[in-house]
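Undergrad: Have a peek at input_34.tsv (TSV, C-alpha atoms).
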```
chain	number	residue	atom	x	y	z
A	1	MET	CA	37.81	-71.44	24.35
A	2	ALA	CA	36.20	-71.06	21.01
A	3	GLY	CA	33.03	-69.82	22.68
A	4	LEU	CA	34.98	-67.31	24.77
A	5	ALA	CA	36.88	-65.99	21.73
A	6	ARG	CA	33.64	-65.69	19.81
A	7	CYS	CA	32.01	-63.78	22.70
A	8	GLN	CA	35.05	-61.52	22.94
A	9	ARG	CA	34.99	-60.86	19.18
A	10	GLU	CA	31.23	-60.08	19.31
A	11	ALA	CA	31.83	-57.80	22.30
A	12	GLU	CA	34.56	-55.97	20.36
A	13	GLU	CA	32.21	-55.63	17.36
A	14	VAL	CA	29.48	-54.28	19.60
A	15	THR	CA	31.98	-51.91	21.22
A	16	GLU	CA	33.11	-50.72	17.78
A	17	LEU	CA	29.49	-50.21	16.71
A	18	MET	CA	28.77	-48.26	19.90
A	19	LYS	CA	31.84	-46.04	19.27
A	20	GLN	CA	30.63	-45.40	15.73
A	21	ASN	CA	27.12	-44.66	16.96
A	22	PHE	CA	28.48	-42.32	19.63
A	23	ALA	CA	30.64	-40.51	17.03
A	24	ARG	CA	27.58	-40.15	14.77
A	25	ALA	CA	25.52	-38.88	17.70
A	26	LEU	CA	28.18	-36.23	18.47
A	27	GLU	CA	28.27	-35.27	14.80
A	28	ARG	CA	24.47	-34.97	14.74
A	29	ASP	CA	24.57	-32.93	17.94
A	30	GLY	CA	26.98	-30.51	16.28
A	31	ARG	CA	24.75	-30.24	13.22
A	32	LEU	CA	21.67	-29.78	15.41
A	33	SER	CA	23.44	-26.97	17.28
A	34	ASP	CA	24.26	-25.32	13.93
A	35	LEU	CA	20.67	-25.71	12.80
A	36	ASP	CA	19.39	-24.32	16.09
A	37	SER	CA	21.62	-21.25	15.85
A	38	ARG	CA	20.59	-20.73	12.21
A	39	ALA	CA	16.93	-21.07	13.22
A	40	GLN	CA	17.40	-18.43	15.93
A	41	GLU	CA	19.08	-16.10	13.41
A	42	LEU	CA	16.27	-16.65	10.93
A	43	ARG	CA	13.67	-16.00	13.64
A	44	ALA	CA	15.39	-12.72	14.53
A	45	MET	CA	15.60	-11.76	10.85
A	46	GLY	CA	11.92	-12.66	10.43
A	47	GLU	CA	10.95	-10.41	13.34
A	48	THR	CA	12.98	-7.56	11.86
A	49	PHE	CA	11.34	-8.15	8.49
A	50	SER	CA	7.88	-8.16	10.08
A	51	ARG	CA	8.56	-4.86	11.83
A	52	SER	CA	9.85	-3.25	8.66
A	53	THR	CA	6.89	-4.52	6.60
A	54	ARG	CA	4.48	-3.14	9.19
A	55	ALA	CA	6.23	0.25	9.01
A	56	VAL	CA	6.13	0.24	5.19
A	57	ALA	CA	2.46	-0.79	5.22
A	58	GLN	CA	1.63	2.09	7.59
A	59	GLN	CA	3.47	4.53	5.33
A	60	GLN	CA	1.59	3.19	2.31
A	61	ARG	CA	-1.74	3.54	4.11
A	62	ARG	CA	-0.89	7.12	5.10
A	63	GLY	CA	0.05	7.94	1.51
A	64	HIS	CA	-3.13	6.39	0.15
A	65	ARG	CA	-5.21	8.15	2.78
A	66	ARG	CA	-3.58	11.48	1.89
A	67	TRP	CA	-4.29	11.03	-1.83
A	68	ARG	CA	-7.82	9.93	-1.08
A	69	LEU	CA	-8.41	13.09	0.96
A	70	VAL	CA	-6.94	15.22	-1.83
A	71	ALA	CA	-9.22	13.52	-4.37
A	72	ILE	CA	-12.28	14.00	-2.14
A	73	GLY	CA	-11.37	17.67	-1.62
A	74	LEU	CA	-10.95	18.25	-5.36
A	75	ALA	CA	-14.24	16.49	-6.07
A	76	ALA	CA	-15.98	18.66	-3.46
A	77	LEU	CA	-14.50	21.82	-4.98
A	78	LEU	CA	-15.57	20.73	-8.47
A	79	LEU	CA	-19.06	19.99	-7.19
A	80	LEU	CA	-19.29	23.40	-5.52
A	81	PHE	CA	-18.07	25.10	-8.69
A	82	LEU	CA	-20.62	23.26	-10.82
A	83	LEU	CA	-23.37	24.03	-8.34
A	84	ALA	CA	-22.46	27.73	-8.33
A	85	LEU	CA	-22.32	27.76	-12.13
A	86	GLY	CA	-25.69	26.03	-12.36
A	87	LEU	CA	-27.25	28.47	-9.92
A	88	ALA	CA	-25.81	31.43	-11.79
A	89	LEU	CA	-27.17	30.19	-15.10
A	90	TRP	CA	-30.59	29.00	-14.03
A	91	LEU	CA	-31.69	31.42	-11.35
A	92	PRO	CA	-34.38	33.79	-12.62
A	93	ARG	CA	-33.06	37.16	-13.57
A	94	PRO	CA	-35.11	40.36	-13.58
A	95	PRO	CA	-36.43	41.11	-17.05
A	96	PRO	CA	-34.60	43.85	-18.87
A	97	ALA	CA	-36.24	47.26	-18.56
A	98	ILE	CA	-38.14	48.24	-21.69
A	99	VAL	CA	-37.80	51.86	-22.56
A	100	THR	CA	-40.45	53.25	-24.83
A	101	VAL	CA	-39.83	56.39	-26.74
A	102	PRO	CA	-42.92	58.35	-27.73
A	103	PRO	CA	-43.17	59.13	-31.40
A	104	SER	CA	-41.88	62.55	-32.08
A	105	THR	CA	-42.69	65.03	-34.72
A	106	ALA	CA	-39.99	66.22	-37.01
A	107	THR	CA	-38.36	69.34	-35.70
A	108	ALA	CA	-35.63	71.47	-37.10
A	109	GLY	CA	-32.87	69.75	-35.22
A	110	SER	CA	-34.05	66.23	-35.49
A	111	LEU	CA	-33.01	63.60	-37.93
A	112	PRO	CA	-35.38	62.51	-40.63
A	113	GLY	CA	-37.33	59.32	-40.15
A	114	PRO	CA	-37.71	56.56	-42.68
A	115	GLY	CA	-39.02	57.74	-45.97
A	116	GLU	CA	-38.29	61.41	-45.17
A	117	THR	CA	-35.67	63.52	-46.87
A	118	LEU	CA	-33.37	66.10	-45.44
A	119	GLN	CA	-34.16	69.72	-46.14
```
Just give me the structure as structure tokens.

TA:
Amino acid sequence: MAGLARCQREAEEVTELMKQNFARALERDGRLSDLDSRAQELRAMGETFSRSTRAVAQQQRRGHRRWRLVAIGLAALLLLFLLALGLALWLPRPPPAIVTVPPSTATAGSLPGPGETLQ
């Protein structure tokens, strides 16, 4: 009888251990379900974040592209202005016309020349 009682007691201990293990497994299953739902939420949030970052990146690229085009346009205008200014300053101009006045003799209505006095 001692052997039977000992086997029964060991069977009860094993049964108790199995109940505890089963309770722990159910507890872990609940925690795993919570973790799985949180992982799905995080995945959805990550996808939303990725979409929004792509949209922001596109807007940033458009803004940078716009400013780059403005800078290139201003540089081209400045270059054209400098080129026009350089051409205006360095292109040969016709020489000024030289007008020669023949020496005149003093007449009654003319002004006296250097060294002459009025009469």

Undergrad: Quick one, how far is CA of Leu85 (chain A) from CA of Gly73 (chain A)?

TA: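 Separation between CA of Leu85 (chain A) and CA of Gly73 (chain A): 18.2 Å.
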
Undergrad: Assuming 3 Å of padding per side, give the centre and edge lengths of the axis-aligned box around every listed atom of region 19-29 of chain A, in Å to one decimal and as JSON.

TA:
```
{"center_x": 28.2, "center_y": -39.5, "center_z": 17.2, "size_x": 13.4, "size_y": 19.1, "size_z": 10.9}
```

Undergrad: By how many Å are CA of Leu77 (chain A) and CA of Pro94 (chain A) apart?

TA: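 Computed distance, CA of Leu77 (chain A) to CA of Pro94 (chain A), equals 29.0 Å.
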